[in-house]
Amino acid sequence: MRIRDLERLGVRLLTGDAEREFSAVYVTDLPDPGRYLSGGELVLSGLMWWHGEEDSAAFVAALVRSRVAALGAGQAWLGRIPEDLVRACEAAGLPLIEIPAEVSFREIVDVTVGRLAGDVREALGRHRRIVAAVAEGADLPELFALTAAELGVTGAVVSATGELIVGTAEDPVRLARAYLTAPRLPYLVEGRTVFGVGRMPRAAGWALVVDGDLTERADVGYELAACVALERRRLDEGRRVERRLLAELLAARTDLGPRLQTCGIGPGDPYAVVSAGTEPEILEQLVGRTAVAAPFAGAAVCLVAHPGDLSVRLRRGVEVLGDPALALGLSGTLTGADALRGGLEEAGHARHLAESRSGGVVTSAEIYTHALLIATAPADVRASFTRRLLGPLLDYDRRHQSELLRTLEVFLDCAGSWHLCGERMHVHVNTVRYRIRRVEELTGRDLSAMADRVDFYLALRAR
């Protein structure tokens, strides 16, 4: 019920918004009734607690802490509404209603209870219509349109990666970023109110964006968000079978062709494998609602039919999520069941390379270099290899404050040119020769031999 609905009783709004809603009425003359309030009430008071200006400030502060909707002040006791009470309410943003002496609190309570009961009946009727639509199999666009119309609002639902799920929005990516970065929800941004859908982590969730400022009518947004969450749960229940089938396919060694077809990929359909170091639900957000992901080999894996510009989509999604440490690997385009195992290895190697770069998206085109060898070697093997080969140089540099390791790195980058290395390091060529000989003595390697140069190059890159 709104404050303006009481105006026909002869009350007058002194401060605040007449459109402010309240959900209950509480009558009190306690100087601090906070312990008896739960938020959203219209508090009616005869002002018997008032003795001076400081009393008004304390009483209003107690109401604000309890998040009440408004204060109704009666004139019967004092014959007036103190100016300091008006100022305190105005400063706190608390609507203040003047109740003349001839208007009894009982009359307000009776009208309010009757109207609120009507609101409850209306809400129940709306709930029955929505439940009936769900029972009849209404899809998400139909359910969203019905619920939004019942509640008298417009808006859209977007994923955390900026995909428009339902409704209309000019820039869903900007709305997704607002949802991900909001200090709390609901959140007002550019004349729209953003609500969370469900209780899942934001990176895996959806955002409900309602046109207009609903911060004072949050219950409307919560009701619409609850309906969207209900439909998403139903969709997720239906996808649970698809996730199980994908998990079985990834673990299988035989009958890959029929299993691939049960996952929606025919014998001649192109597809790609995505491997991500994150939860399957977040990978599904990145790839799109039509794909499903399942855990495999310590990562989340998804098969995407007709991948197209999937790498562009993945990079854009990672950027929107704002998680630079998120690592994803993308295989090349594959066809047929026989290519699946190779695609899984490609995507996994690409993800390892992305992890070695501290995150990002790596495609199969980037892994067929020495970086693949380094990224796919176990961490303990890489550490042992670099320690055995470079350890003597690190120890020598630490003891003598020298630059053997740096000289070795520049020397290899200069393809073994003494003069070019000296120029880059701003030292004499004889200094370079001396340092390289010292490297060979400490490590027992010969830098004129290609095999030893390759070993040093890989050890430096694997650090």
# chains A, B, ... in the order shown; residues from 1 in each chain; ligands from 1
>>> residues_around(residues="stretch 412-423 of chain A", least_positions_apart="4", cutoff="9 Å", atoms="only C-alpha atoms", output="JSON, numbers by chain")
{"A": [407, 408, 427, 428, 429, 430, 431, 432, 433, 447, 448, 453, 456, 457]}
>>> select_by_dssp(residues="stretch 271-438 of chain A", states="helix (DSSP H, G or I)", output="PyMOL selection string")
chain A and resi 280-287+310-321+337-356+364-366+370-376+379-400+404-413+418-425+429-438
>>> closest_residue(among="A:Glu7, A:Glu53, A:Glu223, A:Asp269", to="A:Glu98", atoms="only C-alpha atoms")
A:Glu7
>>> residues_around(residues="A:Pro183", least_positions_apart="4", cutoff="12 Å", atoms="only C-alpha atoms", output="NGL selection string")
:A and (177-179 or 187-189 or 194-195 or 202)
>>> closest_atom_pairs(of="stretch 342-415 of chain A", to="stretch 317-325 of chain A", cutoff="7 Å", atoms="only C-alpha atoms", output="CSV")
residue,atom,partner,partner_atom,distance
A:Ser358,CA,A:Ala325,CA,5.5
A:Gly359,CA,A:Ala325,CA,4.1
A:Gly360,CA,A:Pro324,CA,6.3
>>> residues_around(residues="stretch 285-295 of chain A", least_positions_apart="4", cutoff="6 Å", atoms="only C-alpha atoms", output="number ranges by chain")
A: 243, 247, 280, 299-302, 314, 317
>>> write_last_selection(atoms="N, CA, C and O atoms", output="JSON list (two decimals), in the first residue's frame")
[["chain", "number", "residue", "atom", "x", "y", "z"],
["A", 243, "ARG", "N", 24.33, -32.83, -19.42],
["A", 243, "ARG", "CA", 25.64, -32.79, -18.75],
["A", 243, "ARG", "C", 26.13, -34.19, -18.44],
["A", 243, "ARG", "O", 27.33, -34.49, -18.57],
["A", 247, "ALA", "N", 29.54, -35.98, -19.82],
["A", 247, "ALA", "CA", 30.54, -36.56, -18.91],
["A", 247, "ALA", "C", 30.85, -38.01, -19.31],
["A", 247, "ALA", "O", 32.01, -38.44, -19.29],
["A", 280, "PRO", "N", 32.01, -25.64, -14.36],
["A", 280, "PRO", "CA", 31.26, -25.87, -15.60],
["A", 280, "PRO", "C", 30.19, -24.81, -15.85],
["A", 280, "PRO", "O", 29.97, -24.42, -17.01],
["A", 299, "ALA", "N", 39.43, -30.07, -15.11],
["A", 299, "ALA", "CA", 38.96, -28.82, -15.73],
["A", 299, "ALA", "C", 37.50, -28.98, -16.11],
["A", 299, "ALA", "O", 36.90, -30.05, -15.94],
["A", 300, "ALA", "N", 36.91, -27.91, -16.62],
["A", 300, "ALA", "CA", 35.57, -27.95, -17.19],
["A", 300, "ALA", "C", 35.72, -28.02, -18.69],
["A", 300, "ALA", "O", 36.50, -27.26, -19.28],
["A", 301, "VAL", "N", 35.00, -28.93, -19.33],
["A", 301, "VAL", "CA", 35.14, -29.15, -20.77],
["A", 301, "VAL", "C", 33.78, -29.02, -21.43],
["A", 301, "VAL", "O", 32.76, -29.46, -20.90],
["A", 302, "CYS", "N", 33.78, -28.42, -22.61],
["A", 302, "CYS", "CA", 32.55, -28.21, -23.36],
["A", 302, "CYS", "C", 32.82, -28.52, -24.83],
["A", 302, "CYS", "O", 33.89, -28.19, -25.35],
["A", 314, "LEU", "N", 34.82, -16.14, -26.59],
["A", 314, "LEU", "CA", 35.44, -16.49, -25.31],
["A", 314, "LEU", "C", 36.25, -15.32, -24.75],
["A", 314, "LEU", "O", 36.16, -15.01, -23.56],
["A", 317, "GLY", "N", 33.91, -12.71, -23.46],
["A", 317, "GLY", "CA", 33.30, -13.11, -22.20],
["A", 317, "GLY", "C", 34.24, -13.00, -21.03],
["A", 317, "GLY", "O", 33.86, -12.54, -19.94]]
>>> select_by_dssp(residues="stretch 103-270 of chain A", states="strand (DSSP E or B)", output="list in words")
Gly155, Ala156, Val157, Val158, Ser159, Leu164, Ile165, Val166, Gly167, Tyr187, Leu188, Val189, Arg192, Thr193, Val194, Phe195, Gly196, Val197, Trp206, Ala207, Leu208, Val209, Val210, Asp211 and Pro270 of chain A
>>> atom_distance(atom1="atom CA of A:Pro307", atom2="atom CA of A:Glu231")
27.2 Å
>>> atom_distance(atom1="atom CA of A:Arg351", atom2="atom CA of A:Leu328")
5.0 Å
>>> residues_around(residues="A:Pro267", least_positions_apart="4", cutoff="12 Å", atoms="only C-alpha atoms", output="PyMOL selection string")
chain A and resi 256-263+271+305+334-340
>>> atom_distance(atom1="atom CA of A:Pro172", atom2="atom CA of A:Ala276")
23.8 Å
>>> closest_residue(among="A:His306, A:Arg316, A:Arg174, A:Arg382", to="A:Arg461", atoms="only C-alpha atoms")
A:Arg382
>>> residues_around(residues="A:Thr28", least_positions_apart="2", cutoff="12 Å", atoms="only C-alpha atoms", output="PyMOL selection string")
chain A and resi 25-26+30-37+41-49+59+63+71-74+105
>>> closest_residue(among="A:Leu140, A:Met1, A:Pro82, A:Glu279", to="A:Leu235", atoms="only C-alpha atoms")
A:Leu140
>>> decode(residues="stretch 389-402 of chain A", atoms="all heavy atoms", output="PDB file, in the first residue's frame")
ATOM      1  N   LEU A 389      70.187 -27.104 -14.750  1.00  0.00           N
ATOM      2  CA  LEU A 389      70.952 -26.435 -15.798  1.00  0.00           C
ATOM      3  C   LEU A 389      71.384 -25.021 -15.409  1.00  0.00           C
ATOM      4  O   LEU A 389      72.511 -24.599 -15.694  1.00  0.00           O
ATOM      5  CB  LEU A 389      70.133 -26.398 -17.084  1.00  0.00           C
ATOM      6  CG  LEU A 389      70.886 -26.114 -18.390  1.00  0.00           C
ATOM      7  CD1 LEU A 389      72.018 -27.111 -18.581  1.00  0.00           C
ATOM      8  CD2 LEU A 389      69.932 -26.181 -19.572  1.00  0.00           C
ATOM      9  N   LEU A 390      70.481 -24.287 -14.762  1.00  0.00           N
ATOM     10  CA  LEU A 390      70.759 -22.882 -14.466  1.00  0.00           C
ATOM     11  C   LEU A 390      71.186 -22.633 -13.028  1.00  0.00           C
ATOM     12  O   LEU A 390      71.654 -21.529 -12.706  1.00  0.00           O
ATOM     13  CB  LEU A 390      69.513 -22.030 -14.771  1.00  0.00           C
ATOM     14  CG  LEU A 390      68.953 -22.120 -16.192  1.00  0.00           C
ATOM     15  CD1 LEU A 390      67.739 -21.212 -16.335  1.00  0.00           C
ATOM     16  CD2 LEU A 390      70.010 -21.756 -17.225  1.00  0.00           C
ATOM     17  N   GLY A 391      71.029 -23.640 -12.170  1.00  0.00           N
ATOM     18  CA  GLY A 391      71.369 -23.457 -10.760  1.00  0.00           C
ATOM     19  C   GLY A 391      72.788 -22.975 -10.523  1.00  0.00           C
ATOM     20  O   GLY A 391      73.009 -22.028  -9.746  1.00  0.00           O
ATOM     21  N   PRO A 392      73.812 -23.546 -11.177  1.00  0.00           N
ATOM     22  CA  PRO A 392      75.183 -23.066 -10.960  1.00  0.00           C
ATOM     23  C   PRO A 392      75.376 -21.607 -11.331  1.00  0.00           C
ATOM     24  O   PRO A 392      76.142 -20.885 -10.684  1.00  0.00           O
ATOM     25  CB  PRO A 392      76.017 -23.990 -11.869  1.00  0.00           C
ATOM     26  CG  PRO A 392      75.190 -25.225 -12.023  1.00  0.00           C
ATOM     27  CD  PRO A 392      73.775 -24.737 -12.033  1.00  0.00           C
ATOM     28  N   LEU A 393      74.664 -21.164 -12.380  1.00  0.00           N
ATOM     29  CA  LEU A 393      74.787 -19.761 -12.789  1.00  0.00           C
ATOM     30  C   LEU A 393      74.114 -18.834 -11.779  1.00  0.00           C
ATOM     31  O   LEU A 393      74.644 -17.754 -11.457  1.00  0.00           O
ATOM     32  CB  LEU A 393      74.165 -19.570 -14.171  1.00  0.00           C
ATOM     33  CG  LEU A 393      74.667 -20.505 -15.282  1.00  0.00           C
ATOM     34  CD1 LEU A 393      73.994 -20.151 -16.609  1.00  0.00           C
ATOM     35  CD2 LEU A 393      76.181 -20.430 -15.407  1.00  0.00           C
ATOM     36  N   LEU A 394      72.948 -19.239 -11.285  1.00  0.00           N
ATOM     37  CA  LEU A 394      72.257 -18.430 -10.282  1.00  0.00           C
ATOM     38  C   LEU A 394      73.097 -18.311  -9.018  1.00  0.00           C
ATOM     39  O   LEU A 394      73.210 -17.216  -8.438  1.00  0.00           O
ATOM     40  CB  LEU A 394      70.891 -19.048  -9.965  1.00  0.00           C
ATOM     41  CG  LEU A 394      69.836 -18.976 -11.081  1.00  0.00           C
ATOM     42  CD1 LEU A 394      68.660 -19.889 -10.756  1.00  0.00           C
ATOM     43  CD2 LEU A 394      69.352 -17.537 -11.247  1.00  0.00           C
ATOM     44  N   ASP A 395      73.697 -19.412  -8.599  1.00  0.00           N
ATOM     45  CA  ASP A 395      74.538 -19.376  -7.393  1.00  0.00           C
ATOM     46  C   ASP A 395      75.753 -18.473  -7.600  1.00  0.00           C
ATOM     47  O   ASP A 395      76.116 -17.689  -6.707  1.00  0.00           O
ATOM     48  CB  ASP A 395      75.008 -20.803  -7.041  1.00  0.00           C
ATOM     49  CG  ASP A 395      73.862 -21.681  -6.580  1.00  0.00           C
ATOM     50  OD1 ASP A 395      72.813 -21.131  -6.178  1.00  0.00           O
ATOM     51  OD2 ASP A 395      74.004 -22.920  -6.625  1.00  0.00           O
ATOM     52  N   TYR A 396      76.386 -18.582  -8.769  1.00  0.00           N
ATOM     53  CA  TYR A 396      77.571 -17.764  -9.052  1.00  0.00           C
ATOM     54  C   TYR A 396      77.206 -16.275  -9.072  1.00  0.00           C
ATOM     55  O   TYR A 396      77.904 -15.440  -8.493  1.00  0.00           O
ATOM     56  CB  TYR A 396      78.169 -18.181 -10.391  1.00  0.00           C
ATOM     57  CG  TYR A 396      79.491 -17.513 -10.691  1.00  0.00           C
ATOM     58  CD1 TYR A 396      80.701 -18.099 -10.290  1.00  0.00           C
ATOM     59  CD2 TYR A 396      79.548 -16.299 -11.384  1.00  0.00           C
ATOM     60  CE1 TYR A 396      81.924 -17.477 -10.555  1.00  0.00           C
ATOM     61  CE2 TYR A 396      80.750 -15.675 -11.655  1.00  0.00           C
ATOM     62  CZ  TYR A 396      81.937 -16.267 -11.242  1.00  0.00           C
ATOM     63  OH  TYR A 396      83.136 -15.642 -11.504  1.00  0.00           O
ATOM     64  N   ASP A 397      76.103 -15.929  -9.769  1.00  0.00           N
ATOM     65  CA  ASP A 397      75.662 -14.528  -9.822  1.00  0.00           C
ATOM     66  C   ASP A 397      75.355 -13.998  -8.430  1.00  0.00           C
ATOM     67  O   ASP A 397      75.652 -12.828  -8.114  1.00  0.00           O
ATOM     68  CB  ASP A 397      74.428 -14.392 -10.711  1.00  0.00           C
ATOM     69  CG  ASP A 397      74.774 -14.442 -12.198  1.00  0.00           C
ATOM     70  OD1 ASP A 397      75.957 -14.317 -12.537  1.00  0.00           O
ATOM     71  OD2 ASP A 397      73.837 -14.629 -13.009  1.00  0.00           O
ATOM     72  N   ARG A 398      74.751 -14.841  -7.589  1.00  0.00           N
ATOM     73  CA  ARG A 398      74.398 -14.399  -6.244  1.00  0.00           C
ATOM     74  C   ARG A 398      75.650 -14.133  -5.406  1.00  0.00           C
ATOM     75  O   ARG A 398      75.706 -13.167  -4.652  1.00  0.00           O
ATOM     76  CB  ARG A 398      73.517 -15.455  -5.582  1.00  0.00           C
ATOM     77  CG  ARG A 398      72.906 -15.009  -4.268  1.00  0.00           C
ATOM     78  CD  ARG A 398      71.733 -15.884  -3.846  1.00  0.00           C
ATOM     79  NE  ARG A 398      72.022 -17.307  -4.016  1.00  0.00           N
ATOM     80  CZ  ARG A 398      71.412 -18.084  -4.916  1.00  0.00           C
ATOM     81  NH1 ARG A 398      70.516 -17.562  -5.736  1.00  0.00           N
ATOM     82  NH2 ARG A 398      71.708 -19.381  -5.015  1.00  0.00           N
ATOM     83  N   ARG A 399      76.671 -14.966  -5.561  1.00  0.00           N
ATOM     84  CA  ARG A 399      77.890 -14.815  -4.753  1.00  0.00           C
ATOM     85  C   ARG A 399      78.769 -13.671  -5.250  1.00  0.00           C
ATOM     86  O   ARG A 399      79.388 -12.963  -4.453  1.00  0.00           O
ATOM     87  CB  ARG A 399      78.694 -16.107  -4.769  1.00  0.00           C
ATOM     88  CG  ARG A 399      78.051 -17.263  -4.019  1.00  0.00           C
ATOM     89  CD  ARG A 399      79.093 -18.347  -3.714  1.00  0.00           C
ATOM     90  NE  ARG A 399      79.808 -18.759  -4.905  1.00  0.00           N
ATOM     91  CZ  ARG A 399      79.423 -19.750  -5.716  1.00  0.00           C
ATOM     92  NH1 ARG A 399      78.299 -20.408  -5.439  1.00  0.00           N
ATOM     93  NH2 ARG A 399      80.128 -20.066  -6.781  1.00  0.00           N
ATOM     94  N   HIS A 400      78.805 -13.479  -6.579  1.00  0.00           N
ATOM     95  CA  HIS A 400      79.770 -12.532  -7.151  1.00  0.00           C
ATOM     96  C   HIS A 400      79.122 -11.270  -7.721  1.00  0.00           C
ATOM     97  O   HIS A 400      79.840 -10.437  -8.306  1.00  0.00           O
ATOM     98  CB  HIS A 400      80.581 -13.232  -8.254  1.00  0.00           C
ATOM     99  CG  HIS A 400      81.374 -14.407  -7.762  1.00  0.00           C
ATOM    100  ND1 HIS A 400      82.602 -14.272  -7.133  1.00  0.00           N
ATOM    101  CD2 HIS A 400      81.114 -15.742  -7.783  1.00  0.00           C
ATOM    102  CE1 HIS A 400      83.071 -15.468  -6.803  1.00  0.00           C
ATOM    103  NE2 HIS A 400      82.180 -16.388  -7.183  1.00  0.00           N
ATOM    104  N   GLN A 401      77.798 -11.135  -7.565  1.00  0.00           N
ATOM    105  CA  GLN A 401      77.090  -9.976  -8.125  1.00  0.00           C
ATOM    106  C   GLN A 401      77.401  -9.803  -9.608  1.00  0.00           C
ATOM    107  O   GLN A 401      77.606  -8.690 -10.101  1.00  0.00           O
ATOM    108  CB  GLN A 401      77.474  -8.698  -7.358  1.00  0.00           C
ATOM    109  CG  GLN A 401      77.204  -8.740  -5.867  1.00  0.00           C
ATOM    110  CD  GLN A 401      75.708  -8.917  -5.584  1.00  0.00           C
ATOM    111  OE1 GLN A 401      74.901  -8.177  -6.110  1.00  0.00           O
ATOM    112  NE2 GLN A 401      75.379  -9.890  -4.761  1.00  0.00           N
ATOM    113  N   SER A 402      77.460 -10.935 -10.323  1.00  0.00           N
ATOM    114  CA  SER A 402      77.775 -10.923 -11.751  1.00  0.00           C
ATOM    115  C   SER A 402      76.500 -11.065 -12.576  1.00  0.00           C
ATOM    116  O   SER A 402      75.396 -11.114 -12.024  1.00  0.00           O
ATOM    117  CB  SER A 402      78.758 -12.049 -12.084  1.00  0.00           C
ATOM    118  OG  SER A 402      78.209 -13.309 -11.702  1.00  0.00           O
TER     119      SER A 402
END
